[in-house]
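Data from my_file-v3.cif: mmCIF, C-alpha atoms, pLDDT in the B column; chains and numbers go by the auth columns
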data_work
#
loop_
_atom_site.group_PDB
_atom_site.id
_atom_site.type_symbol
_atom_site.label_atom_id
_atom_site.label_comp_id
_atom_site.label_asym_id
_atom_site.label_seq_id
_atom_site.Cartn_x
_atom_site.Cartn_y
_atom_site.Cartn_z
_atom_site.B_iso_or_equiv
_atom_site.auth_seq_id
_atom_site.auth_asym_id
ATOM 1 C CA MET A 1 -4.288 -16.737 -14.731 49.00 213 F
ATOM 2 C CA LEU A 2 -0.774 -15.421 -14.315 49.00 214 F
ATOM 3 C CA GLN A 3 -0.964 -15.353 -10.520 58.00 215 F
ATOM 4 C CA PRO A 4 -0.743 -18.794 -8.943 60.00 216 F
ATOM 5 C CA GLY A 5 -2.244 -18.939 -5.492 75.00 217 F
ATOM 6 C CA LEU A 6 -4.846 -16.206 -5.983 78.00 218 F
ATOM 7 C CA LYS A 7 -8.428 -17.444 -5.835 79.00 219 F
ATOM 8 C CA LEU A 8 -11.050 -15.548 -7.828 75.00 220 F
ATOM 9 C CA TYR A 9 -14.731 -16.044 -8.367 67.00 221 F
ATOM 10 C CA LEU A 10 -14.978 -15.878 -12.159 66.00 222 F
ATOM 11 C CA ALA A 11 -17.550 -16.725 -14.799 60.00 223 F
ATOM 12 C CA SER A 12 -16.967 -20.253 -16.023 56.00 224 F
ATOM 13 C CA GLU A 13 -18.998 -19.782 -19.196 55.00 225 F
ATOM 14 C CA ILE A 14 -19.077 -16.318 -20.712 54.00 226 F
ATOM 15 C CA THR A 15 -21.882 -16.395 -23.267 51.00 227 F
ATOM 16 C CA PRO A 16 -24.562 -17.855 -20.946 58.00 228 F
ATOM 17 C CA LEU A 17 -23.669 -15.266 -18.291 53.00 229 F
ATOM 18 C CA TRP A 18 -24.043 -12.356 -20.729 54.00 230 F
ATOM 19 C CA LEU A 19 -27.349 -13.712 -22.051 58.00 231 F
ATOM 20 C CA ALA A 20 -28.761 -14.518 -18.630 57.00 232 F
ATOM 21 C CA THR A 21 -27.925 -11.121 -17.211 58.00 233 F
ATOM 22 C CA GLU A 22 -28.602 -8.887 -20.221 60.00 234 F
ATOM 23 C CA ASN A 23 -32.328 -8.354 -19.570 63.00 235 F
ATOM 24 C CA PHE A 24 -31.872 -8.086 -15.806 64.00 236 F
ATOM 25 C CA LEU A 25 -29.076 -5.542 -16.170 60.00 237 F
ATOM 26 C CA GLU A 26 -31.035 -3.493 -18.676 66.00 238 F
ATOM 27 C CA GLN A 27 -34.103 -3.434 -16.417 69.00 239 F
ATOM 28 C CA HIS A 28 -32.010 -2.331 -13.429 60.00 240 F
ATOM 29 C CA ASN A 29 -29.758 0.097 -15.339 61.00 241 F
ATOM 30 C CA MET A 30 -26.618 -1.848 -14.415 57.00 242 F
ATOM 31 C CA ALA A 31 -23.372 -2.421 -16.282 58.00 243 F
ATOM 32 C CA PRO A 32 -22.479 -5.789 -17.835 56.00 244 F
ATOM 33 C CA PRO A 33 -20.590 -8.138 -15.478 59.00 245 F
ATOM 34 C CA PHE A 34 -17.060 -6.988 -16.293 61.00 246 F
ATOM 35 C CA TRP A 35 -16.087 -8.005 -12.746 60.00 247 F
ATOM 36 C CA ALA A 36 -16.666 -11.686 -13.596 57.00 248 F
ATOM 37 C CA PHE A 37 -13.494 -11.951 -15.680 64.00 249 F
ATOM 38 C CA ALA A 38 -9.769 -11.547 -15.056 64.00 250 F
ATOM 39 C CA TRP A 39 -9.036 -8.922 -17.725 70.00 251 F
ATOM 40 C CA PRO A 40 -5.486 -8.676 -19.112 80.00 252 F
ATOM 41 C CA GLY A 41 -4.824 -5.250 -17.566 84.00 253 F
ATOM 42 C CA GLY A 42 -5.619 -6.464 -14.055 88.00 254 F
ATOM 43 C CA GLU A 43 -3.625 -9.648 -14.569 90.00 255 F
ATOM 44 C CA ALA A 44 -0.592 -7.669 -15.749 93.00 256 F
ATOM 45 C CA LEU A 45 -0.802 -5.381 -12.710 95.00 257 F
ATOM 46 C CA ALA A 46 -1.078 -8.347 -10.332 94.00 258 F
ATOM 47 C CA HIS A 47 1.920 -9.991 -12.009 94.00 259 F
ATOM 48 C CA TYR A 48 3.967 -6.792 -11.760 96.00 260 F
ATOM 49 C CA ILE A 49 3.097 -6.286 -8.087 96.00 261 F
ATOM 50 C CA ALA A 50 4.100 -9.869 -7.290 94.00 262 F
ATOM 51 C CA ALA A 51 7.489 -9.238 -8.944 95.00 263 F
ATOM 52 C CA HIS A 52 7.895 -5.724 -7.453 97.00 264 F
ATOM 53 C CA PRO A 53 6.205 -5.779 -4.030 97.00 265 F
ATOM 54 C CA GLU A 54 8.247 -2.765 -2.901 98.00 266 F
ATOM 55 C CA LEU A 55 5.962 -0.551 -4.994 98.00 267 F
ATOM 56 C CA VAL A 56 3.084 -1.159 -2.573 98.00 268 F
ATOM 57 C CA ARG A 57 4.585 -2.658 0.594 98.00 269 F
ATOM 58 C CA GLY A 58 3.615 -0.539 3.605 98.00 270 F
ATOM 59 C CA LYS A 59 1.654 1.902 1.405 98.00 271 F
ATOM 60 C CA ARG A 60 -1.960 2.984 0.948 98.00 272 F
ATOM 61 C CA VAL A 61 -3.099 1.670 -2.419 98.00 273 F
ATOM 62 C CA LEU A 62 -6.135 2.333 -4.589 98.00 274 F
ATOM 63 C CA ASP A 63 -7.144 -0.222 -7.208 98.00 275 F
ATOM 64 C CA PHE A 64 -9.237 2.066 -9.435 96.00 276 F
ATOM 65 C CA ALA A 65 -12.051 0.515 -11.518 92.00 277 F
ATOM 66 C CA ALA A 66 -11.055 -2.699 -9.809 93.00 278 F
ATOM 67 C CA GLY A 67 -13.445 -5.184 -11.411 88.00 279 F
ATOM 68 C CA GLY A 68 -13.164 -8.325 -9.306 90.00 280 F
ATOM 69 C CA GLY A 69 -10.127 -6.886 -7.509 93.00 281 F
ATOM 70 C CA ILE A 70 -7.246 -8.966 -8.864 93.00 282 F
ATOM 71 C CA ALA A 71 -4.724 -6.098 -8.569 96.00 283 F
ATOM 72 C CA ALA A 72 -6.042 -5.217 -5.104 97.00 284 F
ATOM 73 C CA LEU A 73 -5.553 -8.827 -3.998 96.00 285 F
ATOM 74 C CA ALA A 74 -1.968 -8.807 -5.267 96.00 286 F
ATOM 75 C CA CYS A 75 -1.289 -5.575 -3.357 98.00 287 F
ATOM 76 C CA ALA A 76 -2.726 -6.924 -0.108 98.00 288 F
ATOM 77 C CA ARG A 77 -0.687 -10.106 -0.541 97.00 289 F
ATOM 78 C CA ALA A 78 2.446 -7.995 -1.174 97.00 290 F
ATOM 79 C CA GLY A 79 2.082 -6.244 2.172 98.00 291 F
ATOM 80 C CA ALA A 80 0.328 -2.956 1.388 98.00 292 F
ATOM 81 C CA ALA A 81 -0.635 -1.047 4.536 98.00 293 F
ATOM 82 C CA SER A 82 -4.169 -0.658 3.200 98.00 294 F
ATOM 83 C CA VAL A 83 -5.901 -1.472 -0.068 98.00 295 F
ATOM 84 C CA GLU A 84 -9.050 0.170 -1.343 98.00 296 F
ATOM 85 C CA ALA A 85 -10.788 -1.125 -4.472 98.00 297 F
ATOM 86 C CA ALA A 86 -13.064 1.398 -6.177 97.00 298 F
ATOM 87 C CA GLU A 87 -15.967 0.314 -8.382 93.00 299 F
ATOM 88 C CA ILE A 88 -19.213 1.890 -9.538 90.00 300 F
ATOM 89 C CA ASP A 89 -20.916 -1.506 -9.920 87.00 301 F
ATOM 90 C CA PRO A 90 -22.431 -2.944 -6.709 88.00 302 F
ATOM 91 C CA LEU A 91 -22.034 -6.467 -8.075 84.00 303 F
ATOM 92 C CA ALA A 92 -18.304 -5.835 -8.572 87.00 304 F
ATOM 93 C CA VAL A 93 -18.078 -4.676 -4.952 93.00 305 F
ATOM 94 C CA ALA A 94 -19.757 -7.917 -3.869 91.00 306 F
ATOM 95 C CA ALA A 95 -17.255 -9.883 -5.981 91.00 307 F
ATOM 96 C CA ILE A 96 -14.323 -7.972 -4.443 94.00 308 F
ATOM 97 C CA LYS A 97 -15.570 -8.870 -0.961 96.00 309 F
ATOM 98 C CA LEU A 98 -15.930 -12.543 -1.888 94.00 310 F
ATOM 99 C CA ASN A 99 -12.502 -12.647 -3.539 94.00 311 F
ATOM 100 C CA ALA A 100 -10.853 -10.980 -0.540 96.00 312 F
ATOM 101 C CA LYS A 101 -12.513 -13.462 1.827 96.00 313 F
ATOM 102 C CA ALA A 102 -11.502 -16.436 -0.359 95.00 314 F
ATOM 103 C CA ASN A 103 -7.858 -15.286 -0.171 95.00 315 F
ATOM 104 C CA HIS A 104 -7.937 -14.268 3.517 97.00 316 F
ATOM 105 C CA LEU A 105 -6.892 -10.734 2.552 97.00 317 F
ATOM 106 C CA GLN A 106 -8.074 -7.354 3.809 97.00 318 F
ATOM 107 C CA ILE A 107 -9.461 -5.085 1.087 97.00 319 F
ATOM 108 C CA THR A 108 -11.860 -2.168 1.531 98.00 320 F
ATOM 109 C CA PRO A 109 -14.265 -1.901 -1.397 97.00 321 F
ATOM 110 C CA LEU A 110 -15.414 1.612 -2.337 97.00 322 F
ATOM 111 C CA LEU A 111 -18.762 1.776 -4.122 96.00 323 F
ATOM 112 C CA GLY A 112 -19.063 4.897 -6.247 95.00 324 F
ATOM 113 C CA ASP A 113 -17.135 7.231 -8.497 95.00 325 F
ATOM 114 C CA VAL A 114 -13.971 8.396 -6.700 97.00 326 F
ATOM 115 C CA VAL A 115 -12.869 10.615 -9.593 96.00 327 F
ATOM 116 C CA GLY A 116 -12.261 14.096 -8.221 96.00 328 F
ATOM 117 C CA ALA A 117 -11.709 12.915 -4.647 97.00 329 F
ATOM 118 C CA PRO A 118 -8.660 14.280 -2.814 96.00 330 F
ATOM 119 C CA CYS A 119 -5.759 11.882 -3.320 97.00 331 F
ATOM 120 C CA ARG A 120 -5.268 10.090 0.006 97.00 332 F
ATOM 121 C CA TRP A 121 -3.318 7.150 -1.447 98.00 333 F
ATOM 122 C CA ASP A 122 0.394 6.478 -1.976 98.00 334 F
ATOM 123 C CA VAL A 123 -0.128 4.459 -5.175 98.00 335 F
ATOM 124 C CA ILE A 124 -3.006 4.214 -7.668 98.00 336 F
ATOM 125 C CA LEU A 125 -3.331 1.238 -10.017 98.00 337 F
ATOM 126 C CA CYS A 126 -5.744 1.187 -12.965 95.00 338 F
ATOM 127 C CA GLY A 127 -6.474 -1.997 -14.868 85.00 339 F
ATOM 128 C CA ASP A 128 -8.147 -1.648 -18.230 81.00 340 F
ATOM 129 C CA VAL A 129 -9.729 1.826 -18.083 81.00 341 F
ATOM 130 C CA CYS A 130 -9.193 3.461 -21.494 71.00 342 F
ATOM 131 C CA TYR A 131 -11.621 1.410 -23.578 72.00 343 F
ATOM 132 C CA GLU A 132 -14.022 4.221 -24.513 76.00 344 F
ATOM 133 C CA VAL A 133 -13.881 7.996 -24.960 76.00 345 F
ATOM 134 C CA PRO A 134 -16.305 9.091 -22.177 78.00 346 F
ATOM 135 C CA MET A 135 -14.533 6.965 -19.560 82.00 347 F
ATOM 136 C CA THR A 136 -11.062 8.120 -20.638 83.00 348 F
ATOM 137 C CA ASN A 137 -12.064 11.793 -20.723 87.00 349 F
ATOM 138 C CA HIS A 138 -13.678 11.480 -17.299 92.00 350 F
ATOM 139 C CA ILE A 139 -10.800 9.810 -15.477 92.00 351 F
ATOM 140 C CA MET A 140 -7.536 10.958 -17.068 91.00 352 F
ATOM 141 C CA PRO A 141 -7.448 14.580 -15.794 93.00 353 F
ATOM 142 C CA TRP A 142 -7.955 13.336 -12.237 95.00 354 F
ATOM 143 C CA LEU A 143 -5.393 10.553 -12.588 96.00 355 F
ATOM 144 C CA MET A 144 -2.862 13.001 -14.056 95.00 356 F
ATOM 145 C CA SER A 145 -3.442 15.378 -11.139 96.00 357 F
ATOM 146 C CA CYS A 146 -2.830 12.535 -8.678 97.00 358 F
ATOM 147 C CA ALA A 147 0.314 11.533 -10.596 97.00 359 F
ATOM 148 C CA VAL A 148 1.931 14.858 -9.686 96.00 360 F
ATOM 149 C CA ASN A 149 2.606 13.448 -6.203 96.00 361 F
ATOM 150 C CA ILE A 150 2.304 9.653 -6.332 98.00 362 F
ATOM 151 C CA PRO A 151 2.838 6.736 -8.730 98.00 363 F
ATOM 152 C CA VAL A 152 -0.232 6.230 -10.926 97.00 364 F
ATOM 153 C CA ILE A 153 0.059 3.165 -13.133 97.00 365 F
ATOM 154 C CA VAL A 154 -2.345 2.422 -15.976 95.00 366 F
ATOM 155 C CA ALA A 155 -2.378 -1.016 -17.593 93.00 367 F
ATOM 156 C CA ASP A 156 -3.009 -0.798 -21.328 90.00 368 F
ATOM 157 C CA PRO A 157 -3.756 -3.998 -23.277 86.00 369 F
ATOM 158 C CA GLY A 158 -3.827 -2.077 -26.554 80.00 370 F
ATOM 159 C CA ARG A 159 -7.008 -0.085 -26.091 70.00 371 F
ATOM 160 C CA LYS A 160 -7.737 2.621 -28.637 74.00 372 F
ATOM 161 C CA TYR A 161 -8.062 5.470 -26.117 71.00 373 F
ATOM 162 C CA ALA A 162 -4.997 4.787 -23.962 78.00 374 F
ATOM 163 C CA PRO A 163 -2.700 7.775 -23.429 77.00 375 F
ATOM 164 C CA SER A 164 -0.320 8.469 -26.296 77.00 376 F
ATOM 165 C CA GLN A 165 1.922 10.751 -24.241 82.00 377 F
ATOM 166 C CA GLY A 166 2.562 11.797 -20.660 87.00 378 F
ATOM 167 C CA PHE A 167 3.750 8.433 -19.394 92.00 379 F
ATOM 168 C CA GLU A 168 6.783 6.220 -18.913 94.00 380 F
ATOM 169 C CA MET A 169 6.357 2.583 -19.927 93.00 381 F
ATOM 170 C CA ILE A 170 7.656 0.548 -16.989 95.00 382 F
ATOM 171 C CA TYR A 171 6.715 -3.000 -17.967 94.00 383 F
ATOM 172 C CA GLU A 172 5.332 -5.109 -20.780 94.00 384 F
ATOM 173 C CA ILE A 173 3.943 -8.625 -20.652 89.00 385 F
ATOM 174 C CA GLU A 174 1.898 -10.900 -22.886 86.00 386 F
ATOM 175 C CA VAL A 175 -1.258 -12.080 -21.120 75.00 387 F
ATOM 176 C CA PRO A 176 -3.345 -15.043 -22.311 69.00 388 F
ATOM 177 C CA THR A 177 -6.969 -14.061 -22.998 72.00 389 F
ATOM 178 C CA LEU A 178 -10.257 -15.682 -23.907 60.00 390 F
ATOM 179 C CA LEU A 179 -11.383 -15.343 -27.493 54.00 391 F
ATOM 180 C CA GLU A 180 -14.908 -14.740 -26.220 57.00 392 F
ATOM 181 C CA LEU A 181 -13.669 -11.538 -24.534 58.00 393 F
ATOM 182 C CA GLU A 182 -10.866 -10.349 -26.794 58.00 394 F
ATOM 183 C CA ASP A 183 -10.056 -10.574 -30.494 62.00 395 F
ATOM 184 C CA SER A 184 -6.949 -12.703 -29.919 63.00 396 F
ATOM 185 C CA ALA A 185 -5.674 -15.514 -27.714 69.00 397 F
ATOM 186 C CA SER A 186 -3.327 -13.112 -25.916 74.00 398 F
ATOM 187 C CA ARG A 187 -2.786 -9.396 -25.389 75.00 399 F
ATOM 188 C CA MET A 188 0.464 -7.495 -24.997 88.00 400 F
ATOM 189 C CA VAL A 189 -0.107 -5.300 -21.951 89.00 401 F
ATOM 190 C CA ARG A 190 1.966 -2.207 -21.234 90.00 402 F
ATOM 191 C CA LEU A 191 2.116 -0.702 -17.757 95.00 403 F
ATOM 192 C CA LEU A 192 2.257 3.070 -18.066 94.00 404 F
ATOM 193 C CA ARG A 193 3.358 5.251 -15.182 97.00 405 F
ATOM 194 C CA LEU A 194 1.712 8.615 -15.750 95.00 406 F
ATOM 195 C CA GLN A 195 4.151 11.540 -15.977 93.00 407 F
ATOM 196 C CA PRO A 196 2.401 14.932 -15.761 81.00 408 F
ATOM 197 C CA VAL A 197 4.187 17.758 -17.605 71.00 409 F
#
Have the structure of the file written as structure tokens, please.
Amino acid sequence: MLQPGLKLYLASEITPLWLATENFLEQHNMAPPFWAFAWPGGEALAHYIAAHPELVRGKRVLDFAAGGGIAALACARAGAASVEAAEIDPLAVAAIKLNAKANHLQITPLLGDVVGAPCRWDVILCGDVCYEVPMTNHIMPWLMSCAVNIPVIVADPGRKYAPSQGFEMIYEIEVPTLLELEDSASRMVRLLRLQPV
């Protein structure tokens, strides 16, 4: 992990976790355990926040599609006034709570789809959210509408459906990855601040 000092509950062995949970998740109509890994987009956001705490200090922050909440943790540690971490997966929300407790940080998990909600935050951070067409088409209009008034930053580790326009690249960093999760030992992650036209 790029963030020394942050404690996260993570899967120690990926393949057994996928296999052990596949049938259970299918039976209960639940998503795979994406929350159990520190994905490169979330790691890049956490690294950026640690280097630029002024972006979130004293502000209301949303970590959108938070996974295990690594970016939310970095924001709380950087002095955000409040941090909400939105996830549609109840197991991810449980992981966020455990990770916040392990780091003695205050984070409010939000279970459910916040897309379309009135923007009550000062900053929105999005880890790795543009990995498939339905997700991208669902979230981007809302994120762009929020970006009219506040910073909305999307971390893109080279996903096919990331925005090709309407953003300013503010940061780039190479993040080590696991070959079991990605197709390479590292990913170059761009942080894109959305710029509505």
ask   = Of the candidates F:Leu220, F:Ala359, F:Ala256, F:Leu403, which one gets nearest to Val387 (chain F) if we count only C-alpha atoms?
value = F:Ala256
Residues in the PyMOL selection byres ((chain F and resi 321) around 6), expressed as an MDAnalysis selection string = chainID F and resid 296:298 305 320 322
inquiry  = Please determine, counting all atoms listed in the file, which residue among F:Ala286, F:Val335, F:Glu266, F:Thr389 has the shortest atom-to-atom distance to Asn311 (chain F).
reply    =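 The closest residue to Asn311 (chain F) is F:Ala286.
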key: Distance of CA of Leu285 (chain F) from CA of Leu337 (chain F), expressed in Å to one decimal place   =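 A separation of 11.9 Å between them.
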message = Around the point (-19.9, -3.4, -6.0) (coordinates from the file), which residues reach within 12 Å if we count all atoms listed in the file? Answer as a PyMOL selection string.
response = chain F and resi 242-243+245-248+277-281+297-310+320-325
query = On this structure, which residues satisfy the PyMOL selection byres ((chain F and resi 386) around 8), written as a ChimeraX atom specification?
reply = /F:384-385,387-388,398-401
inquiry  = One number please: CA of Asp340 (chain F) to CA of Arg405 (chain F), in Å, one decimal.
reply    =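 For CA of Asp340 (chain F) relative to CA of Arg405 (chain F), the distance reads 13.8 Å.
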ask   = Which of these residues is nearest to Val341 (chain F), using all atoms listed in the file: F:Pro252, F:Pro363, F:Gly217, F:Gly270?
value =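 When distances to Val341 (chain F) are compared using all atoms listed in the file, the smallest one comes from F:Pro252.
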inquiry  = Measuring between only C-alpha atoms, which one of F:Ile365, F:Ala329, F:Ala374, F:Leu267 shows the shortest distance to Met347 (chain F)?
reply    =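 The answer is F:Ala374, which sits nearest to Met347 (chain F).
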ask   = How many Å separate CA of Pro265 (chain F) from CA of Arg289 (chain F)?
value =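 Computed distance, CA of Pro265 (chain F) to CA of Arg289 (chain F), equals 8.9 Å.
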